[in-house]
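Engineer: mmCIF, C-alpha atoms and all ligand atoms, saved as start-v8.cif, coming up:
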data_structure
#
loop_
_atom_site.label_atom_id
_atom_site.label_comp_id
_atom_site.auth_asym_id
_atom_site.auth_seq_id
_atom_site.Cartn_x
_atom_site.Cartn_y
_atom_site.Cartn_z
CA MET A 1 -2.46 -20.26 -44.96
CA MET A 2 0.83 -21.60 -43.61
CA THR A 3 1.84 -25.21 -44.15
CA VAL A 4 3.66 -27.43 -41.66
CA PHE A 5 6.86 -26.65 -43.53
CA ASP A 6 6.24 -22.93 -43.22
CA LEU A 7 5.61 -23.31 -39.52
CA TYR A 8 9.22 -24.40 -39.06
CA GLU A 9 10.10 -20.97 -40.43
CA LEU A 10 7.74 -19.13 -38.12
CA GLN A 11 10.68 -18.19 -35.92
CA GLU A 12 12.22 -16.34 -38.87
CA TYR A 13 8.95 -14.64 -39.85
CA ILE A 14 8.54 -13.33 -36.33
CA GLU A 15 12.20 -12.33 -36.08
CA ASP A 16 11.63 -9.98 -39.02
CA CYS A 17 8.08 -8.91 -38.14
CA THR A 18 7.50 -5.19 -37.57
CA ALA A 19 3.73 -5.30 -37.84
CA CYS A 20 3.30 -3.75 -34.41
CA GLU A 21 5.39 -1.65 -32.05
CA LEU A 22 6.20 -4.62 -29.78
CA HIS A 23 8.99 -5.55 -32.18
CA GLU A 24 11.02 -2.71 -30.60
CA GLY A 25 11.44 -4.64 -27.32
CA ARG A 26 12.00 -8.05 -28.90
CA LEU A 27 15.32 -9.77 -28.14
CA ASN A 28 14.11 -13.13 -29.43
CA PRO A 29 10.91 -14.28 -31.08
CA VAL A 30 8.99 -16.45 -28.65
CA VAL A 31 7.17 -19.03 -30.70
CA ASP A 32 6.44 -22.32 -29.01
CA LYS A 33 7.48 -25.40 -27.10
CA GLY A 34 6.03 -28.90 -26.88
CA LYS A 35 4.69 -31.06 -29.67
CA ILE A 36 2.77 -29.51 -32.57
CA THR A 37 0.76 -32.71 -33.14
CA SER A 38 -0.54 -32.81 -29.55
CA ARG A 39 -4.27 -32.94 -28.95
CA ILE A 40 -3.93 -30.23 -26.30
CA PHE A 41 -2.86 -26.73 -27.38
CA ILE A 42 -2.11 -24.25 -24.60
CA CYS A 43 -2.21 -20.53 -25.38
CA GLY A 44 -0.96 -17.93 -22.93
CA MET A 45 -0.81 -14.17 -23.33
CA VAL A 46 2.55 -12.58 -24.11
CA PRO A 47 6.26 -13.31 -23.43
CA ALA A 48 7.76 -11.80 -20.28
CA LYS A 49 11.40 -10.86 -19.57
CA GLU A 50 12.77 -14.40 -19.20
CA GLU A 51 10.95 -15.62 -22.31
CA ASN A 52 12.26 -12.64 -24.29
CA GLU A 53 15.81 -13.48 -23.22
CA LYS A 54 15.57 -17.19 -23.99
CA GLY A 55 13.15 -17.21 -26.92
CA ILE A 56 11.05 -19.92 -25.28
CA PRO A 57 7.53 -19.48 -23.86
CA PHE A 58 6.74 -20.06 -20.19
CA VAL A 59 10.26 -20.30 -18.75
CA GLY A 60 9.81 -17.68 -15.99
CA ARG A 61 7.88 -17.96 -12.73
CA ALA A 62 4.52 -18.38 -14.47
CA GLY A 63 6.09 -21.09 -16.61
CA GLN A 64 7.39 -22.89 -13.54
CA LEU A 65 3.86 -22.90 -12.13
CA LEU A 66 2.53 -24.19 -15.45
CA ASP A 67 5.13 -26.98 -15.20
CA VAL A 68 3.73 -27.89 -11.77
CA ILE A 69 0.21 -27.96 -13.20
CA LEU A 70 1.27 -30.22 -16.06
CA GLU A 71 3.22 -32.50 -13.73
CA LYS A 72 0.26 -32.89 -11.38
CA LEU A 73 -1.80 -34.01 -14.37
CA ASP A 74 0.89 -36.41 -15.63
CA LEU A 75 1.38 -34.33 -18.76
CA THR A 76 4.79 -33.76 -20.34
CA LEU A 77 5.90 -31.52 -23.20
CA SER A 78 5.21 -34.46 -25.50
CA ASP A 79 1.52 -34.25 -24.61
CA VAL A 80 0.98 -30.52 -25.19
CA TYR A 81 1.87 -27.66 -27.50
CA ILE A 82 2.45 -24.29 -25.81
CA THR A 83 2.46 -20.82 -27.32
CA ASN A 84 1.25 -17.28 -26.66
CA LEU A 85 -1.36 -15.00 -28.19
CA VAL A 86 1.31 -12.39 -28.93
CA LYS A 87 4.88 -13.36 -29.81
CA CYS A 88 6.98 -10.38 -28.73
CA PHE A 89 7.86 -9.15 -25.24
CA LEU A 90 5.62 -6.87 -23.24
CA ALA A 91 6.79 -5.47 -19.89
CA ALA A 92 5.01 -6.81 -16.82
CA GLY A 93 1.85 -5.01 -15.84
CA GLN A 94 1.26 -3.44 -19.26
CA PRO A 95 -2.14 -4.17 -20.80
CA LEU A 96 -2.19 -5.69 -24.27
CA LYS A 97 -3.48 -3.29 -26.92
CA GLU A 98 -6.11 -4.62 -29.29
CA GLU A 99 -4.05 -3.47 -32.30
CA TRP A 100 -1.12 -5.68 -31.17
CA VAL A 101 -3.41 -8.68 -30.77
CA ASP A 102 -4.93 -8.05 -34.20
CA ALA A 103 -1.48 -7.75 -35.79
CA CYS A 104 -0.17 -10.95 -34.22
CA LEU A 105 -3.30 -13.13 -34.44
CA PRO A 106 -2.49 -14.54 -37.91
CA PHE A 107 0.58 -16.28 -36.45
CA LEU A 108 -1.51 -17.96 -33.75
CA LEU A 109 -4.22 -18.95 -36.24
CA ALA A 110 -1.54 -20.47 -38.49
CA GLN A 111 -0.20 -22.49 -35.56
CA ILE A 112 -3.72 -23.71 -34.73
CA ALA A 113 -4.37 -24.62 -38.36
CA VAL A 114 -1.22 -26.74 -38.50
CA ALA A 115 -1.68 -28.28 -35.05
CA ASN A 116 -5.41 -28.98 -35.55
CA PRO A 117 -5.76 -29.73 -31.81
CA LYS A 118 -8.79 -31.26 -30.10
CA VAL A 119 -8.68 -28.68 -27.33
CA ILE A 120 -7.20 -25.22 -26.88
CA ILE A 121 -6.73 -24.21 -23.25
CA THR A 122 -6.52 -20.43 -23.07
CA LEU A 123 -4.70 -18.95 -20.07
CA GLY A 124 -6.12 -15.57 -19.07
CA ALA A 125 -8.77 -13.35 -20.59
CA ASP A 126 -6.87 -11.96 -23.60
CA ALA A 127 -6.30 -15.29 -25.36
CA ALA A 128 -9.84 -16.44 -24.57
CA ALA A 129 -11.38 -13.22 -25.90
CA ALA A 130 -9.27 -13.36 -29.09
CA LEU A 131 -10.32 -16.92 -29.93
CA ILE A 132 -13.89 -16.98 -28.61
CA GLY A 133 -14.94 -13.46 -29.59
CA LYS A 134 -18.14 -11.80 -28.39
CA GLU A 135 -19.42 -14.97 -26.71
CA PHE A 136 -16.60 -14.67 -24.14
CA ASP A 137 -17.50 -12.77 -20.99
CA THR A 138 -14.98 -13.06 -18.14
CA ILE A 139 -12.66 -15.83 -17.01
CA SER A 140 -14.52 -16.26 -13.73
CA LYS A 141 -17.81 -16.72 -15.62
CA ASN A 142 -16.50 -18.75 -18.55
CA ARG A 143 -13.60 -20.83 -17.17
CA GLY A 144 -13.97 -24.57 -17.61
CA ARG A 145 -16.65 -24.11 -20.28
CA GLU A 146 -16.30 -25.51 -23.77
CA PHE A 147 -16.59 -23.07 -26.68
CA LYS A 148 -16.71 -24.35 -30.25
CA PHE A 149 -13.87 -22.99 -32.37
CA GLN A 150 -13.36 -24.53 -35.81
CA ASN A 151 -12.82 -27.98 -37.33
CA GLY A 152 -14.24 -29.58 -34.18
CA THR A 153 -11.67 -27.86 -31.94
CA VAL A 154 -12.96 -26.71 -28.57
CA VAL A 155 -11.63 -23.73 -26.57
CA ILE A 156 -11.61 -24.01 -22.76
CA PRO A 157 -10.60 -20.87 -20.85
CA THR A 158 -8.93 -20.90 -17.45
CA TYR A 159 -6.90 -18.56 -15.27
CA HIS A 160 -3.36 -17.57 -16.26
CA PRO A 161 -0.58 -18.93 -13.98
CA SER A 162 0.52 -15.29 -13.40
CA TYR A 163 -2.87 -14.66 -11.79
CA LEU A 164 -2.38 -17.70 -9.56
CA LEU A 165 1.10 -16.43 -8.62
CA ARG A 166 -0.42 -13.17 -7.39
CA GLN A 167 -2.64 -15.27 -5.09
CA GLY A 168 0.16 -17.44 -3.69
CA GLY A 169 0.81 -19.88 -6.54
CA GLU A 170 -0.08 -23.42 -5.48
CA LYS A 171 -1.77 -21.95 -2.39
CA SER A 172 -4.12 -19.87 -4.53
CA PRO A 173 -7.80 -20.71 -3.98
CA ASN A 174 -7.98 -21.00 -7.77
CA PHE A 175 -5.07 -23.44 -8.18
CA GLU A 176 -7.35 -26.49 -7.86
CA THR A 177 -9.85 -24.76 -10.16
CA VAL A 178 -7.20 -24.52 -12.87
CA LEU A 179 -6.28 -28.19 -12.36
CA ASN A 180 -9.95 -29.08 -12.77
CA ASP A 181 -10.24 -26.98 -15.94
CA PHE A 182 -7.22 -28.83 -17.35
CA ARG A 183 -8.88 -32.15 -16.39
CA ILE A 184 -11.98 -31.08 -18.32
CA ALA A 185 -9.75 -30.30 -21.30
CA ILE A 186 -7.94 -33.65 -21.05
CA ASN A 187 -11.27 -35.51 -20.90
CA THR A 188 -12.58 -33.54 -23.86
CA SER A 189 -9.47 -34.28 -25.90
CA GLU A 190 -9.77 -38.01 -25.14
CA ARG A 191 -13.52 -38.08 -25.77
CA SER A 192 -13.13 -36.58 -29.22
CA GLN A 193 -10.36 -38.96 -30.38
FE1 LIG B 1 4.89 -8.96 -35.23
FE2 LIG B 1 3.47 -10.17 -33.32
FE3 LIG B 1 5.86 -9.20 -32.74
FE4 LIG B 1 3.85 -7.51 -33.23
S1 LIG B 1 4.00 -8.95 -31.51
S2 LIG B 1 5.93 -7.33 -34.05
S3 LIG B 1 2.71 -8.65 -34.81
S4 LIG B 1 5.41 -10.88 -34.17
#
Would you write out, as structure tokens, the structure that this file holds?
Structural biologist:
Amino acid sequence: MMTVFDLYELQEYIEDCTACELHEGRLNPVVDKGKITSRIFICGMVPAKEENEKGIPFVGRAGQLLDVILEKLDLTLSDVYITNLVKCFLAAGQPLKEEWVDACLPFLLAQIAVANPKVIITLGADAAAALIGKEFDTISKNRGREFKFQNGTVVIPTYHPSYLLRQGGEKSPNFETVLNDFRIAINTSERSQ
């Protein structure tokens, strides 16, 4: 298991990782942003073009919508830790292969072990399925629900900002739903202090 010290080197591990074919499209490893000691851990799916270019998660259009969500909830990057299920670029519209998720999951689990968050908010079905397992059904059925993970950490799935963007972003009928799911997560993180 990785230590906090090792986590600082995660960028280098991922830079050299060839465990799955996604390394071929990687310009930069996309590891994280925010504060590792935050009670709220946010896990998206996979870096897109802008993230691949900058090496930072959630800096494209979906990231801008996530910023709006955080701002509406009075959260800053000091209050959350943000990463993705898979750390190397995947072109838009391509489905994630299970073998890529399996290859990359140890990095995410190491981040969770170091962060030891109260709540993990998963954005989209892939991250939720990877962390919840067989108990997870679909986002529409399971969003806003609390699933026990490990060490008292709870996983709460919600829609991915990319999904909201396809429905008009802030005008999406599910935008308020996502805000409410985040509110559930904030309450849970405060309750379990
Ligand atoms: Fe390695 Fe993950 Fe990148 Fe695949 S996606 S090459 S497992 S870091």
Engineer: Counting all atoms listed in the file, which protein, DNA or RNA residues come within 6 Å of ligand LIG 1 (chain B), given as a list in words?
Structural biologist: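 Checked against 6 Å with all atoms listed in the file; the hits are Ile14, Cys17, Thr18, Ala19, Cys20, Leu22, His23, Val86, Lys87, Cys88, Trp100, Ala103 and Cys104 of chain A.
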Engineer: When you count all atoms listed in the file, which of these residues is closest to Glu190 in chain A: A:Ala62, A:Gly44, A:Asp79, A:Ala127?
Structural biologist: A:Asp79
Engineer: Would you work out the distance separating CA of Leu10 in chain A from CA of Thr188 in chain A, expressed in Å to one decimal?
Structural biologist: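 Atom-to-atom, CA of Leu10 in chain A to CA of Thr188 in chain A, that is 28.7 Å.
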Engineer: For Gly152 in chain A, which residue among A:Leu109, A:Leu85, A:Leu90, A:Val119 is the nearest when counting all atoms listed in the file?
Structural biologist: A:Val119
Engineer: I need the residue nearest Leu164 in chain A from this list: A:Ser38, A:Asn28, A:Asn116, A:Gln64. Use only C-alpha atoms for the distance.
Structural biologist: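 Answer, going by the shortest atom-to-atom distance: A:Gln64.
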Engineer: Need to verify the contact set: Glu135 in chain A, 12 Å, all atoms listed in the file, exclusion of same-chain residues closer than 3 positions in sequence. Can you return it as JSON, numbers by chain?
Structural biologist: {"A": [128, 129, 130, 131, 132, 138, 139, 141, 142, 145, 146, 147, 148, 149, 155]}
Engineer: Please build the interface table for range 62-136 of chain A against range 169-179 of chain A with a cut-off of 12 Å, listing for each qualifying residue the nearest atom pair and the distance in Å to one decimal; count all atoms listed in the file, order rows by chain and increasing number, and write it as a tab-separated table.
Structural biologist:
residue	atom	partner	partner_atom	distance
A:Ala62	CA	A:Gly169	CA	8.9
A:Gly63	CA	A:Gly169	CA	11.4
A:Gln64	CA	A:Gly169	CA	10.1
A:Leu65	CA	A:Gly169	CA	7.0
A:Leu66	CA	A:Gly169	CA	10.0
A:Asp67	CA	A:Glu170	CA	11.6
A:Val68	CA	A:Glu170	CA	8.6
A:Ile69	CA	A:Leu179	CA	6.5
A:Leu70	CA	A:Leu179	CA	8.6
A:Glu71	CA	A:Leu179	CA	10.5
A:Lys72	CA	A:Leu179	CA	8.1
A:Leu73	CA	A:Leu179	CA	7.6
A:Asp74	CA	A:Leu179	CA	11.4
A:Leu75	CA	A:Leu179	CA	11.7
A:Ile121	CA	A:Val178	CA	10.4
A:Thr122	CA	A:Val178	CA	11.0
A:Leu123	CA	A:Val178	CA	9.4
A:Gly124	CA	A:Val178	CA	10.9
Engineer: Find the residues near Gly93 in chain A: any atom within 12 Å, counting only C-alpha atoms, skip ones fewer than 2 places away on the same chain, and give them as a PDB file with C-alpha atoms, keeping the file's coordinate frame.
Structural biologist:
ATOM      1  CA  VAL A  46       2.550 -12.580 -24.110  1.00  0.00           C
ATOM      2  CA  ALA A  48       7.760 -11.800 -20.280  1.00  0.00           C
ATOM      3  CA  LYS A  49      11.400 -10.860 -19.570  1.00  0.00           C
ATOM      4  CA  PHE A  89       7.860  -9.150 -25.240  1.00  0.00           C
ATOM      5  CA  LEU A  90       5.620  -6.870 -23.240  1.00  0.00           C
ATOM      6  CA  ALA A  91       6.790  -5.470 -19.890  1.00  0.00           C
ATOM      7  CA  PRO A  95      -2.140  -4.170 -20.800  1.00  0.00           C
ATOM      8  CA  LEU A  96      -2.190  -5.690 -24.270  1.00  0.00           C
ATOM      9  CA  SER A 162       0.520 -15.290 -13.400  1.00  0.00           C
ATOM     10  CA  TYR A 163      -2.870 -14.660 -11.790  1.00  0.00           C
ATOM     11  CA  ARG A 166      -0.420 -13.170  -7.390  1.00  0.00           C
TER      12      ARG A 166
END
Engineer: Considering only C-alpha atoms, can you say which of A:Lys97, A:Arg143, A:Lys134, A:Lys35 comes closest to Ala185 in chain A?
Structural biologist: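 Ranking A:Lys97, A:Arg143, A:Lys134, A:Lys35 by distance to Ala185 in chain A, first place goes to A:Arg143.
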Engineer: Counting all atoms listed in the file, which residues have an atom no more than 9 Å from (3.5, -26.1, -28.7) in the file's coordinates? Please list them as a ChimeraX atom specification.
Structural biologist: /A:31-38,40-43,77,80-83,111,115
Engineer: Can you write just those residues out, C-alpha atoms, as a PDB file, in the coordinates of the input?
Structural biologist:
ATOM      1  CA  VAL A  31       7.170 -19.030 -30.700  1.00  0.00           C
ATOM      2  CA  ASP A  32       6.440 -22.320 -29.010  1.00  0.00           C
ATOM      3  CA  LYS A  33       7.480 -25.400 -27.100  1.00  0.00           C
ATOM      4  CA  GLY A  34       6.030 -28.900 -26.880  1.00  0.00           C
ATOM      5  CA  LYS A  35       4.690 -31.060 -29.670  1.00  0.00           C
ATOM      6  CA  ILE A  36       2.770 -29.510 -32.570  1.00  0.00           C
ATOM      7  CA  THR A  37       0.760 -32.710 -33.140  1.00  0.00           C
ATOM      8  CA  SER A  38      -0.540 -32.810 -29.550  1.00  0.00           C
ATOM      9  CA  ILE A  40      -3.930 -30.230 -26.300  1.00  0.00           C
ATOM     10  CA  PHE A  41      -2.860 -26.730 -27.380  1.00  0.00           C
ATOM     11  CA  ILE A  42      -2.110 -24.250 -24.600  1.00  0.00           C
ATOM     12  CA  CYS A  43      -2.210 -20.530 -25.380  1.00  0.00           C
ATOM     13  CA  LEU A  77       5.900 -31.520 -23.200  1.00  0.00           C
ATOM     14  CA  VAL A  80       0.980 -30.520 -25.190  1.00  0.00           C
ATOM     15  CA  TYR A  81       1.870 -27.660 -27.500  1.00  0.00           C
ATOM     16  CA  ILE A  82       2.450 -24.290 -25.810  1.00  0.00           C
ATOM     17  CA  THR A  83       2.460 -20.820 -27.320  1.00  0.00           C
ATOM     18  CA  GLN A 111      -0.200 -22.490 -35.560  1.00  0.00           C
ATOM     19  CA  ALA A 115      -1.680 -28.280 -35.050  1.00  0.00           C
TER      20      ALA A 115
END
Engineer: Report as lines of an AutoDock Vina configuration file the centre and the edge lengths, in Å to one decimal, of the axis-aligned box holding every listed atom of range 176-189 of chain A, padded by 8 Å on each side.
Structural biologist:
center_x = -9.4
center_y = -30.0
center_z = -16.9
size_x = 22.3
size_y = 27.0
size_z = 34.0
Engineer: Calculate how many Å separate CA of Phe182 in chain A from CA of Leu108 in chain A, rounding to one decimal.
Structural biologist: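 Rounded to one decimal, the two atoms are 20.5 Å apart.
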Engineer: Using all atoms listed in the file, pick whichever of A:Val30, A:Tyr159, A:Leu7, A:Glu21 has the shortest atom-to-atom distance to Glu51 in chain A.
Structural biologist: A:Val30
Engineer: Find, counting all atoms listed in the file, the residue in A:Ser140, A:Tyr8, A:Leu165, A:Thr158 that gets nearest to Ala110 in chain A.
Structural biologist: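 Once distances to Ala110 in chain A are computed over all atoms listed in the file, the minimum belongs to A:Tyr8.
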Engineer: So the first atom is CA of Ser78 in chain A and the second is CA of Val59 in chain A; what is the distance between them in Å, to one decimal place?
Structural biologist: 16.5 Å
